[in-house]
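Undergrad: Input upload37.txt, format and content: compact mmCIF, C-alpha atoms and all ligand atoms.
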# COMPACT_ATOMS: atom_id res chain seq x y z
CA MET A 1 22.64 -17.51 1.69
CA THR A 2 25.72 -19.03 0.08
CA SER A 3 27.35 -17.54 -2.99
CA SER A 4 26.53 -20.68 -5.01
CA GLN A 5 22.79 -19.99 -4.68
CA PRO A 6 21.11 -17.65 -7.14
CA LEU A 7 20.56 -14.19 -5.69
CA VAL A 8 17.00 -12.88 -5.84
CA VAL A 9 16.73 -9.32 -4.52
CA VAL A 10 13.39 -7.77 -3.52
CA VAL A 11 13.51 -3.96 -3.52
CA GLY A 12 11.17 -2.61 -0.83
CA GLY A 13 10.38 -4.19 2.52
CA SER A 14 6.84 -3.01 3.12
CA LEU A 15 3.62 -5.03 2.78
CA ALA A 16 4.23 -6.34 -0.75
CA GLY A 17 7.97 -6.97 -0.31
CA LEU A 18 7.58 -8.79 3.02
CA THR A 19 4.69 -10.88 1.66
CA LEU A 20 6.71 -11.87 -1.40
CA ALA A 21 9.75 -12.70 0.75
CA LEU A 22 7.65 -15.00 2.97
CA ALA A 23 5.88 -16.59 0.00
CA SER A 24 9.23 -17.28 -1.68
CA ALA A 25 10.88 -18.68 1.44
CA ALA A 26 7.81 -20.88 2.08
CA ARG A 27 8.36 -22.41 -1.38
CA GLY A 28 12.10 -22.92 -0.89
CA VAL A 29 13.37 -19.81 -2.68
CA PRO A 30 15.75 -17.70 -0.54
CA VAL A 31 15.57 -13.94 -1.08
CA GLN A 32 17.31 -10.78 0.02
CA VAL A 33 15.10 -7.75 0.78
CA VAL A 34 16.58 -4.25 0.63
CA GLU A 35 14.54 -1.47 2.20
CA ARG A 36 15.23 2.26 2.12
CA ALA A 37 13.86 2.91 5.64
CA ALA A 38 16.38 2.28 8.38
CA GLY A 39 14.00 1.13 11.14
CA ARG A 40 10.45 -0.11 10.84
CA ALA A 41 8.73 1.28 7.75
CA GLN A 42 5.85 3.76 8.03
CA GLY A 43 2.68 3.21 6.05
CA GLY A 44 -1.06 3.67 6.16
CA ASP A 45 -3.68 3.44 8.86
CA SER A 46 -5.97 0.52 8.17
CA LEU A 47 -6.91 -1.92 5.44
CA SER A 48 -9.22 -4.80 4.74
CA VAL A 49 -7.55 -8.17 4.37
CA ASP A 50 -8.40 -11.73 3.37
CA LEU A 51 -6.85 -13.79 6.19
CA ALA A 52 -7.16 -17.11 4.33
CA ALA A 53 -5.39 -15.65 1.29
CA ILE A 54 -2.56 -14.33 3.46
CA ALA A 55 -2.21 -17.74 5.14
CA ARG A 56 -2.04 -19.50 1.77
CA ALA A 57 0.53 -17.02 0.49
CA VAL A 58 3.00 -16.70 3.34
CA GLY A 59 2.83 -20.10 5.02
CA HIS A 60 1.84 -18.65 8.41
CA ASP A 61 -1.81 -18.34 9.42
CA PRO A 62 -2.70 -14.91 10.84
CA ARG A 63 -5.71 -16.56 12.57
CA SER A 64 -3.41 -18.80 14.67
CA TYR A 65 -0.98 -17.69 17.37
CA PRO A 66 0.55 -15.14 17.01
CA VAL A 67 -2.71 -13.78 15.61
CA LEU A 68 -3.15 -10.63 13.58
CA PRO A 69 -5.72 -8.48 15.46
CA VAL A 70 -8.77 -7.90 13.22
CA VAL A 71 -12.47 -7.08 13.25
CA PRO A 72 -14.97 -8.25 10.60
CA ALA A 73 -15.26 -5.97 7.54
CA TYR A 74 -17.49 -7.51 4.86
CA ARG A 75 -17.96 -10.95 3.30
CA ASP A 76 -14.68 -12.83 3.89
CA ARG A 77 -12.70 -9.64 4.56
CA HIS A 78 -11.45 -8.38 7.93
CA LEU A 79 -10.16 -4.98 8.98
CA THR A 80 -6.80 -4.53 10.59
CA THR A 81 -4.42 -1.64 11.12
CA TRP A 82 -1.47 -1.04 8.83
CA PRO A 83 1.04 -1.08 11.73
CA ALA A 84 -0.40 -4.39 13.02
CA LEU A 85 -0.18 -6.07 9.59
CA TYR A 86 3.27 -4.69 8.87
CA GLY A 87 4.49 -5.77 12.35
CA TRP A 88 2.99 -9.25 11.92
CA LEU A 89 4.65 -9.76 8.52
CA ARG A 90 7.94 -8.32 9.71
CA ASP A 91 7.99 -10.60 12.76
CA ARG A 92 7.32 -13.65 10.55
CA VAL A 93 10.17 -12.54 8.25
CA GLY A 94 12.46 -12.27 11.28
CA GLU A 95 11.81 -15.88 12.24
CA THR A 96 11.95 -17.34 8.70
CA PRO A 97 15.23 -18.85 7.47
CA GLY A 98 16.02 -17.98 3.86
CA ILE A 99 15.18 -14.27 4.12
CA VAL A 100 17.83 -11.59 4.62
CA LEU A 101 16.31 -8.16 5.31
CA GLN A 102 18.60 -5.17 5.02
CA GLY A 103 17.22 -1.78 6.10
CA GLY A 104 18.68 1.65 5.42
CA LYS A 105 19.66 0.62 1.89
CA ALA A 106 18.11 2.69 -0.91
CA VAL A 107 18.28 1.53 -4.51
CA ALA A 108 19.18 4.39 -6.87
CA SER A 109 18.76 2.47 -10.13
CA VAL A 110 18.43 -1.01 -11.60
CA ARG A 111 19.29 -2.30 -15.05
CA ALA A 112 19.54 -5.56 -16.93
CA ARG A 113 23.06 -6.45 -18.01
CA ASP A 114 24.16 -9.66 -19.74
CA GLY A 115 21.09 -11.53 -18.49
CA MET A 116 21.72 -10.45 -14.89
CA ALA A 117 20.36 -7.49 -12.90
CA GLU A 118 22.66 -4.72 -11.74
CA LEU A 119 21.60 -2.77 -8.65
CA SER A 120 23.15 0.59 -7.85
CA PHE A 121 22.58 1.90 -4.33
CA SER A 122 22.41 5.49 -3.11
CA ASP A 123 25.52 4.87 -1.01
CA GLY A 124 27.51 4.34 -4.23
CA THR A 125 27.79 0.54 -3.96
CA GLN A 126 26.65 -1.94 -6.63
CA THR A 127 25.53 -5.58 -6.67
CA MET A 128 24.75 -8.08 -9.42
CA ALA A 129 21.72 -10.33 -8.86
CA ASP A 130 20.08 -13.15 -10.80
CA ALA A 131 16.70 -11.44 -10.46
CA VAL A 132 15.42 -8.19 -8.97
CA ILE A 133 11.80 -7.78 -7.96
CA GLY A 134 10.49 -4.27 -7.43
CA ALA A 135 8.17 -4.05 -4.43
CA ASP A 136 9.04 -0.40 -4.05
CA GLY A 137 5.62 1.21 -4.21
CA TYR A 138 3.86 3.55 -6.62
CA GLN A 139 6.99 5.62 -7.31
CA SER A 140 9.01 2.50 -8.07
CA VAL A 141 12.62 2.83 -9.18
CA VAL A 142 12.56 -0.72 -10.59
CA ARG A 143 9.56 0.20 -12.79
CA ARG A 144 11.79 2.74 -14.55
CA ALA A 145 13.83 -0.17 -15.90
CA VAL A 146 10.90 -2.51 -16.57
CA LEU A 147 8.74 0.13 -18.27
CA PRO A 148 11.09 2.96 -19.27
CA GLU A 149 8.53 4.29 -21.75
CA ALA A 150 5.89 4.83 -19.01
CA PRO A 151 7.60 4.85 -15.62
CA PHE A 152 5.26 7.10 -13.60
CA ALA A 153 1.90 6.55 -11.92
CA ARG A 154 -0.75 9.18 -12.65
CA TYR A 155 -2.75 11.25 -10.19
CA ALA A 156 -6.30 9.89 -9.95
CA GLY A 157 -7.79 13.33 -9.25
CA TYR A 158 -8.30 13.27 -5.49
CA LEU A 159 -6.62 12.77 -2.18
CA VAL A 160 -7.66 10.99 0.97
CA TRP A 161 -7.37 12.64 4.37
CA ARG A 162 -6.85 9.75 6.71
CA GLY A 163 -6.24 9.15 10.37
CA LEU A 164 -6.17 6.53 13.09
CA VAL A 165 -7.50 7.74 16.44
CA PRO A 166 -7.45 5.81 19.74
CA GLU A 167 -10.86 5.78 21.43
CA GLN A 168 -9.10 6.88 24.62
CA ALA A 169 -8.50 10.26 22.93
CA LEU A 170 -12.29 10.79 22.59
CA LYS A 171 -14.76 12.04 25.23
CA HIS A 172 -16.85 8.91 24.60
CA PRO A 173 -16.15 5.66 22.72
CA VAL A 174 -17.80 5.63 19.30
CA SER A 175 -21.27 4.04 19.12
CA TRP A 176 -20.21 1.57 16.44
CA PRO A 177 -19.93 -2.15 17.20
CA SER A 178 -16.62 -3.91 16.68
CA ASN A 179 -18.31 -6.19 14.17
CA GLY A 180 -20.03 -3.27 12.39
CA GLY A 181 -17.72 -3.27 9.39
CA LEU A 182 -17.21 -0.22 7.19
CA TRP A 183 -19.40 2.87 7.26
CA ILE A 184 -19.37 4.58 3.84
CA ASP A 185 -21.20 7.70 2.71
CA PHE A 186 -21.02 10.40 0.03
CA VAL A 187 -22.00 13.94 1.03
CA GLN A 188 -21.68 17.12 -1.04
CA GLY A 189 -18.94 15.71 -3.23
CA TYR A 190 -16.94 14.17 -0.40
CA ARG A 191 -16.76 10.52 0.62
CA LEU A 192 -16.09 9.15 4.08
CA VAL A 193 -15.13 5.60 4.96
CA ALA A 194 -14.94 4.99 8.71
CA ALA A 195 -14.71 1.96 10.96
CA VAL A 196 -13.45 0.79 14.30
CA VAL A 197 -10.33 -1.39 14.32
CA PRO A 198 -8.42 -3.12 17.11
CA GLY A 199 -6.48 -0.91 19.55
CA ARG A 200 -2.71 -0.71 19.54
CA ASP A 201 -2.67 -3.61 22.03
CA GLY A 202 -4.99 -5.63 19.75
CA SER A 203 -7.99 -5.09 22.02
CA THR A 204 -11.49 -4.94 20.54
CA ASP A 205 -13.06 -3.86 23.87
CA ILE A 206 -15.16 -0.72 23.63
CA GLY A 207 -13.04 2.23 24.74
CA ARG A 208 -9.76 0.53 23.79
CA ARG A 209 -10.24 0.31 20.04
CA GLN A 210 -9.11 2.77 17.38
CA VAL A 211 -11.19 4.68 14.84
CA THR A 212 -9.97 4.77 11.26
CA PHE A 213 -11.25 7.24 8.70
CA ALA A 214 -10.57 8.01 5.04
CA TRP A 215 -12.10 11.28 3.80
CA PHE A 216 -11.98 11.53 0.00
CA ASP A 217 -11.50 15.08 -1.30
CA ALA A 218 -11.31 15.95 -5.01
CA HIS A 219 -10.71 19.68 -4.48
CA ARG A 220 -7.05 19.72 -3.54
CA ASP A 221 -5.16 19.77 -6.84
CA GLY A 222 -4.08 23.37 -6.16
CA LEU A 223 -2.78 22.45 -2.72
CA LEU A 224 -0.84 19.47 -4.10
CA ARG A 225 0.71 21.68 -6.80
CA ALA A 226 1.51 24.44 -4.30
CA MET A 227 3.25 21.87 -2.10
CA ASN A 228 5.16 20.44 -5.09
CA ARG A 229 3.46 17.05 -4.79
CA LEU A 230 1.85 17.17 -8.24
CA THR A 231 3.55 18.16 -11.49
CA PRO A 232 1.69 20.17 -14.17
CA ASP A 233 1.51 17.03 -16.35
CA GLY A 234 -0.31 15.02 -13.68
CA HIS A 235 2.49 13.05 -12.06
CA LEU A 236 2.48 12.61 -8.34
CA VAL A 237 5.75 13.37 -6.65
CA GLY A 238 4.57 12.57 -3.15
CA THR A 239 1.78 12.69 -0.62
CA LEU A 240 1.14 15.01 2.32
CA GLY A 241 2.85 13.28 5.18
CA ARG A 242 1.99 13.67 8.85
CA ARG A 243 3.28 17.02 10.20
CA ASN A 244 3.30 18.46 6.65
CA ILE A 245 -0.26 19.74 6.74
CA ASP A 246 -0.68 23.40 7.62
CA ALA A 247 -2.80 24.53 10.57
CA ASP A 248 -5.13 26.53 8.29
CA ILE A 249 -6.01 23.40 6.28
CA ARG A 250 -6.73 21.51 9.48
CA LEU A 251 -8.99 24.35 10.67
CA GLU A 252 -10.82 24.34 7.34
CA LEU A 253 -11.41 20.58 7.56
CA VAL A 254 -12.48 20.76 11.21
CA ALA A 255 -15.07 23.44 10.31
CA MET A 256 -16.47 21.17 7.58
CA VAL A 257 -16.94 18.11 9.80
CA PRO A 258 -20.34 19.05 11.36
CA THR A 259 -21.80 19.90 7.95
CA LEU A 260 -20.69 16.64 6.35
CA TRP A 261 -20.29 13.75 8.76
CA PRO A 262 -22.70 12.19 11.28
CA GLN A 263 -22.27 12.35 15.03
CA THR A 264 -21.07 8.75 15.20
CA TRP A 265 -17.79 9.70 13.54
CA ALA A 266 -17.64 13.50 13.93
CA GLU A 267 -15.58 13.63 17.12
CA ALA A 268 -13.07 11.00 15.95
CA VAL A 269 -12.60 12.72 12.59
CA THR A 270 -12.17 16.11 14.31
CA VAL A 271 -9.60 14.73 16.76
CA GLY A 272 -7.78 12.98 13.90
CA VAL A 273 -7.72 16.09 11.71
CA ARG A 274 -6.39 18.21 14.58
CA SER A 275 -3.66 15.71 15.49
CA THR A 276 -0.30 16.29 13.82
CA ASP A 277 0.56 12.66 14.65
CA SER A 278 -2.53 11.27 12.94
CA LEU A 279 -3.63 13.23 9.87
CA SER A 280 -1.99 12.54 6.53
CA GLY A 281 -3.13 13.30 3.00
CA ALA A 282 -2.67 10.36 0.64
CA SER A 283 -2.81 11.65 -2.92
CA ILE A 284 -4.19 8.78 -4.94
CA ALA A 285 -2.27 7.46 -7.93
CA GLU A 286 -3.09 4.83 -10.53
CA TYR A 287 -0.79 2.83 -12.77
CA LEU A 288 -1.93 0.57 -15.60
CA PRO A 289 0.99 -1.70 -16.54
CA GLU A 290 1.78 -2.85 -20.06
CA ARG A 291 4.17 -5.39 -18.63
CA LEU A 292 5.20 -6.86 -15.26
CA ALA A 293 8.60 -8.25 -16.20
CA GLN A 294 11.54 -7.44 -18.45
CA GLY A 295 14.50 -9.82 -18.54
CA PRO A 296 15.68 -10.47 -14.95
CA LEU A 297 13.44 -7.70 -13.52
CA ALA A 298 9.82 -7.89 -12.34
CA LEU A 299 7.30 -5.88 -10.32
CA VAL A 300 4.80 -6.70 -7.55
CA GLY A 301 2.35 -4.69 -5.42
CA ASP A 302 1.86 -0.96 -5.95
CA ALA A 303 5.03 -0.85 -8.06
CA ALA A 304 3.29 -3.12 -10.56
CA HIS A 305 -0.29 -1.85 -10.41
CA THR A 306 -1.36 1.14 -8.37
CA VAL A 307 -5.08 1.32 -7.62
CA SER A 308 -7.48 3.50 -5.68
CA PRO A 309 -8.35 2.54 -2.11
CA MET A 310 -11.95 2.47 -3.40
CA THR A 311 -11.14 -0.96 -4.85
CA GLY A 312 -10.10 -2.25 -1.39
CA SER A 313 -7.65 -4.42 -3.33
CA GLY A 314 -4.16 -2.91 -3.48
CA PHE A 315 -2.64 -5.21 -0.89
CA ALA A 316 -4.92 -8.11 -1.81
CA ALA A 317 -3.49 -7.96 -5.35
CA ALA A 318 0.04 -7.91 -3.92
CA VAL A 319 -0.74 -11.14 -2.04
CA ASP A 320 -1.86 -12.76 -5.30
CA ASP A 321 1.26 -11.45 -7.07
CA ALA A 322 3.41 -13.00 -4.35
CA VAL A 323 1.77 -16.43 -4.62
CA VAL A 324 2.13 -16.61 -8.40
CA LEU A 325 5.65 -15.18 -8.55
CA ALA A 326 6.95 -17.36 -5.70
CA ARG A 327 5.49 -20.42 -7.41
CA MET A 328 7.14 -19.53 -10.72
CA LEU A 329 10.48 -18.97 -8.99
CA ALA A 330 10.19 -22.26 -7.10
CA GLU A 331 9.25 -24.25 -10.22
CA ARG A 332 12.05 -22.78 -12.36
CA PRO A 333 14.38 -25.53 -13.62
CA SER A 334 17.85 -24.78 -12.23
CA SER A 335 19.29 -24.69 -15.76
CA GLU A 336 16.84 -21.99 -16.85
CA ARG A 337 17.40 -18.24 -16.58
CA PHE A 338 15.14 -16.29 -14.26
CA SER A 339 13.74 -14.23 -17.12
CA ALA A 340 11.64 -17.19 -18.35
CA ALA A 341 10.05 -17.68 -14.90
CA LEU A 342 9.36 -13.94 -14.65
CA GLN A 343 7.70 -14.01 -18.08
CA ARG A 344 5.43 -16.83 -16.89
CA TYR A 345 4.53 -14.70 -13.84
CA GLU A 346 3.62 -11.84 -16.17
CA SER A 347 1.48 -14.07 -18.41
CA VAL A 348 -0.62 -15.22 -15.45
CA ARG A 349 -0.95 -11.91 -13.61
CA LEU A 350 -1.04 -9.17 -16.26
CA PRO A 351 -4.66 -9.69 -17.43
CA TRP A 352 -5.88 -9.71 -13.81
CA VAL A 353 -4.04 -6.63 -12.68
CA ARG A 354 -4.96 -4.67 -15.81
CA ALA A 355 -8.63 -5.47 -15.17
CA LEU A 356 -8.22 -4.29 -11.58
CA VAL A 357 -6.58 -0.99 -12.59
CA ASN A 358 -9.25 -0.37 -15.23
CA HIS A 359 -11.92 -0.99 -12.57
CA SER A 360 -10.08 1.46 -10.31
CA ARG A 361 -10.00 4.09 -13.06
CA ARG A 362 -13.76 3.78 -13.58
CA LEU A 363 -14.40 4.19 -9.84
CA SER A 364 -12.07 7.20 -9.69
CA SER A 365 -13.57 8.89 -12.69
CA GLU A 366 -17.13 8.38 -11.38
CA TYR A 367 -16.07 9.80 -8.02
CA VAL A 368 -14.30 12.84 -9.51
CA GLN A 369 -17.33 13.52 -11.73
CA TYR A 370 -19.65 13.30 -8.72
CA ALA A 371 -17.37 15.54 -6.65
CA THR A 372 -17.05 18.15 -9.41
CA GLN A 373 -20.79 18.23 -10.09
CA GLY A 374 -21.42 18.69 -6.36
CA ARG A 375 -19.24 21.75 -6.47
CA GLU A 376 -20.74 23.20 -9.64
CA ALA A 377 -24.21 22.81 -8.13
CA GLY A 378 -23.07 25.10 -5.33
CA VAL A 379 -22.85 22.48 -2.60
CA GLY A 380 -19.71 21.63 -0.70
CA LYS A 381 -16.99 24.16 -0.15
C1 LIG A 401 -6.34 5.13 2.21
C2 LIG A 401 -5.93 3.76 1.69
C3 LIG A 401 -6.69 2.64 2.01
C4 LIG A 401 -6.35 1.38 1.50
N1 LIG A 401 -7.14 0.30 1.83
C5 LIG A 401 -6.84 -0.92 1.31
C6 LIG A 401 -7.66 -2.06 1.63
O1 LIG A 401 -8.67 -1.94 2.34
N2 LIG A 401 -7.30 -3.27 1.14
C7 LIG A 401 -6.20 -3.43 0.33
O2 LIG A 401 -5.92 -4.56 -0.10
N3 LIG A 401 -5.41 -2.37 0.00
C8 LIG A 401 -5.70 -1.13 0.48
N4 LIG A 401 -4.93 -0.05 0.19
C9 LIG A 401 -3.75 -0.26 -0.67
C10 LIG A 401 -2.56 -0.79 0.10
O3 LIG A 401 -2.35 0.00 1.27
C11 LIG A 401 -1.33 -0.74 -0.81
O4 LIG A 401 -1.62 -1.42 -2.00
C12 LIG A 401 -0.14 -1.39 -0.15
O5 LIG A 401 0.12 -0.84 1.11
C13 LIG A 401 1.08 -1.21 -1.05
O6 LIG A 401 2.16 -1.85 -0.49
P1 LIG A 401 3.55 -1.93 -1.26
O7 LIG A 401 4.45 -2.69 -0.35
O8 LIG A 401 3.34 -2.39 -2.65
O9 LIG A 401 4.02 -0.41 -1.41
P2 LIG A 401 4.51 0.63 -0.32
O10 LIG A 401 3.70 0.54 0.93
O11 LIG A 401 4.57 1.95 -1.01
O12 LIG A 401 5.98 0.16 0.06
C14 LIG A 401 7.10 0.38 -0.76
C15 LIG A 401 8.33 0.14 0.09
O13 LIG A 401 9.47 0.26 -0.76
C16 LIG A 401 10.44 1.07 -0.13
N5 LIG A 401 11.20 1.72 -1.19
C17 LIG A 401 10.75 2.62 -2.10
N6 LIG A 401 11.71 2.99 -2.94
C18 LIG A 401 12.82 2.31 -2.55
C19 LIG A 401 14.16 2.28 -3.03
N7 LIG A 401 14.53 3.05 -4.09
N8 LIG A 401 15.06 1.47 -2.43
C20 LIG A 401 14.67 0.69 -1.36
N9 LIG A 401 13.41 0.69 -0.85
C21 LIG A 401 12.49 1.49 -1.44
C22 LIG A 401 9.63 2.07 0.70
O14 LIG A 401 10.41 2.64 1.75
C23 LIG A 401 8.50 1.18 1.21
O15 LIG A 401 8.84 0.54 2.41
C24 LIG A 401 -5.23 1.22 0.67
C25 LIG A 401 -4.44 2.35 0.35
C26 LIG A 401 -4.78 3.62 0.85
C27 LIG A 401 -3.94 4.81 0.48
Kindly transcribe the structure held in the file into structure tokens.
Ligand SMILES: Cc1cc2nc3c(=O)[nH]c(=O)nc-3n(C[C@H](O)[C@H](O)[C@H](O)COP(=O)(O)OP(=O)(O)OC[C@H]3O[C@@H](n4cnc5c(N)ncnc54)[C@H](O)[C@@H]3O)c2cc1C

TA:
Amino acid sequence: MTSSQPLVVVVGGSLAGLTLALASAARGVPVQVVERAAGRAQGGDSLSVDLAAIARAVGHDPRSYPVLPVVPAYRDRHLTTWPALYGWLRDRVGETPGIVLQGGKAVASVRARDGMAELSFSDGTQTMADAVIGADGYQSVVRRAVLPEAPFARYAGYLVWRGLVPEQALKHPVSWPSNGGLWIDFVQGYRLVAAVVPGRDGSTDIGRRQVTFAWFDAHRDGLLRAMNRLTPDGHLVGTLGRRNIDADIRLELVAMVPTLWPQTWAEAVTVGVRSTDSLSGASIAEYLPERLAQGPLALVGDAAHTVSPMTGSGFAAAVDDAVVLARMLAERPSSERFSAALQRYESVRLPWVRALVNHSRRLSSEYVQYATQGREAGVGK
């Protein structure tokens, strides 16, 4: 990037940030991505994706070499693993001119100043940019400047125990076909989503795949508070990362598996719950935005609109954000300030993302009601 070009900084180099960077570069807009993590970022386990939508957004087709390993999920959706998708996007970023990715650089604060955006980093340095896009997740720092009156996502009332288990770690491969899609059930107030996904080497051969599970649990508010992840006024301060889950909680979950989940998934869930490398507890947050842009600042992905995994749409919405925002940036007349292009992005996307978050809230509230009633009726733990 030369100093005569406008500087567009994307804060956060995970799924949304990398997708936006690729979408922008594909439309002739160079960007700089700053990511807090020093090496490769860590994220989730698995997610359903729309391969055609990704191809349209980023200008590389995940169905062509180098392919993104997937199995069919439902309708036009496929299942992949988070590490495979992140690695695929990151590799495409590495080979795309027009994107500078800087890791190990945490943004402490952002503010609009004289029509420009001022970034302050945790290392004490500062930079001025023409536009700053927050792709920094549900606890977004950029959101604090875009929506200072409502900067925090709210706890949706439940967490998701999740894991990714190689079939090689099981006594027998699971009896679920690679094209079987998602298995979903509700039992005694809990919900389990399970599936097989490609192995770490991309293989879909039986015995070399991985099993992904997401076990929804609405009875852990006390645990989240005790571990300082949830404030008394309902703000999430973090999730339960791998290695942060006590042995007694693992034992409790393991004991519940035979009473809740069928044999097809029971061994994989048990192995995943026992594994300190696998089990994490994702406390679910939701954020309904009043705005997506403010002056030279804008938001995409979970920073903009945080939704429950029950929607299956968090990343899918980030892909749509990236397409619209990259188009608005590319079509901006060179004499015009970035704020006008960011306002146009907001006008197109805000109604859609608000509808998605409202849908998410309805799903969450129905689930929490079901889970609570299950408990009051004396079932469940
Ligand atoms: C159990 C589960 C299942 C899901 N299933 C699906 C699914 O099937 N389909 C789907 O579409 N979506 C799904 N989702 C949602 C999807 O995973 C998220 O929407 C998506 O991963 C969010 O990506 P993101 O890049 O916006 O945010 P994040 O993944 O949170 O990334 C934010 C990035 O910003 C960086 N960062 C944060 N703060 C700073 C800072 N101050 N300075 C610099 N960098 C910073 C972080 O290090 C991180 O790399 C699921 C989510 C969960 C929890």

Undergrad: Could you pull out the residues sitting within 7 Å of ligand LIG 401 (chain A), using all atoms listed in the file, and write them as a PyMOL selection string?

TA: chain A and resi 11-17+34-37+41+43-44+46-49+105-108+135-141+160+162+214+282+284+300-303+306+308-309+312-318

Undergrad: Return as CSV the residues of range 30-124 of chain A lying at most 12 Å from range 195-198 of chain A, together with the closest atom-to-atom pair for each and the distance in Å to one decimal, counting all atoms listed in the file, with rows in chain order and ascending residue number.

TA:
residue,atom,partner,partner_atom,distance
A:Asp45,CA,A:Val197,CA,9.9
A:Ser46,CA,A:Val197,CA,7.8
A:Leu47,CA,A:Val197,CA,9.5
A:Ser48,CA,A:Val197,CA,10.2
A:Leu68,CA,A:Pro198,CA,9.8
A:Pro69,CA,A:Pro198,CA,6.2
A:Val70,CA,A:Pro198,CA,6.2
A:Val71,CA,A:Val197,CA,6.2
A:Pro72,CA,A:Val197,CA,9.1
A:Ala73,CA,A:Ala195,CA,8.7
A:Tyr74,CA,A:Ala195,CA,11.6
A:His78,CA,A:Val197,CA,9.5
A:Leu79,CA,A:Val197,CA,6.4
A:Thr80,CA,A:Val197,CA,6.0
A:Thr81,CA,A:Val197,CA,6.7
A:Trp82,CA,A:Val197,CA,10.4
A:Pro83,CA,A:Pro198,CA,11.1
A:Ala84,CA,A:Pro198,CA,9.1
A:Leu85,CA,A:Pro198,CA,11.5

Undergrad: Output C-alpha atoms of each residue in that selection to a file, as a short mmCIF file (atom, residue, chain, number, x, y, z; two decimals), in the frame of the given file.

TA:
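Result written to part_4.cif:
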data_model
loop_
_atom_site.label_atom_id
_atom_site.label_comp_id
_atom_site.auth_asym_id
_atom_site.auth_seq_id
_atom_site.Cartn_x
_atom_site.Cartn_y
_atom_site.Cartn_z
CA ASP A 45 -3.68 3.44 8.86
CA SER A 46 -5.97 0.52 8.17
CA LEU A 47 -6.91 -1.92 5.44
CA SER A 48 -9.22 -4.80 4.74
CA LEU A 68 -3.15 -10.63 13.58
CA PRO A 69 -5.72 -8.48 15.46
CA VAL A 70 -8.77 -7.90 13.22
CA VAL A 71 -12.47 -7.08 13.25
CA PRO A 72 -14.97 -8.25 10.60
CA ALA A 73 -15.26 -5.97 7.54
CA TYR A 74 -17.49 -7.51 4.86
CA HIS A 78 -11.45 -8.38 7.93
CA LEU A 79 -10.16 -4.98 8.98
CA THR A 80 -6.80 -4.53 10.59
CA THR A 81 -4.42 -1.64 11.12
CA TRP A 82 -1.47 -1.04 8.83
CA PRO A 83 1.04 -1.08 11.73
CA ALA A 84 -0.40 -4.39 13.02
CA LEU A 85 -0.18 -6.07 9.59
#

Undergrad: Tell me which of A:Phe213, A:Trp176, A:Tyr287, A:Phe186 sits closest to Val269 in chain A, counting only C-alpha atoms.

TA: A:Phe213

Undergrad: Might you pull out every residue within 12 Å of Val31 in chain A, with all atoms listed in the file counted and same-chain residues fewer than 2 positions away left off, and present them as an MDAnalysis selection string?

TA: chainID A and resid 1:2 5:11 13 17:29 33:34 93 96:102 129:133 326 329:330

Undergrad: Between A:Leu297, A:Arg229, A:Glu290, A:Gln42, which is the closest to Arg242 in chain A once you count all atoms listed in the file?

TA: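 Result for the nearest residue to Arg242 in chain A: A:Gln42.
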
Undergrad: Could you list, as a ChimeraX atom specification, every residue within 6 Å of range 233-239 of chain A, counting all atoms listed in the file and ignoring same-chain residues fewer than 2 positions away?

TA: /A:154-155,229-231,241,282-283

Undergrad: Excluding Ile184 in chain A and residues on its chain fewer than 5 positions from it, collect all residues at most 8 Å away from it, counting all atoms listed in the file, and give them as a VMD selection string.

TA: chain A and resid 191 to 194

Undergrad: Have a look at CA of Asn179 in chain A and CA of Ser278 in chain A and let me know their distance in Å, one decimal.

TA: 23.6 Å
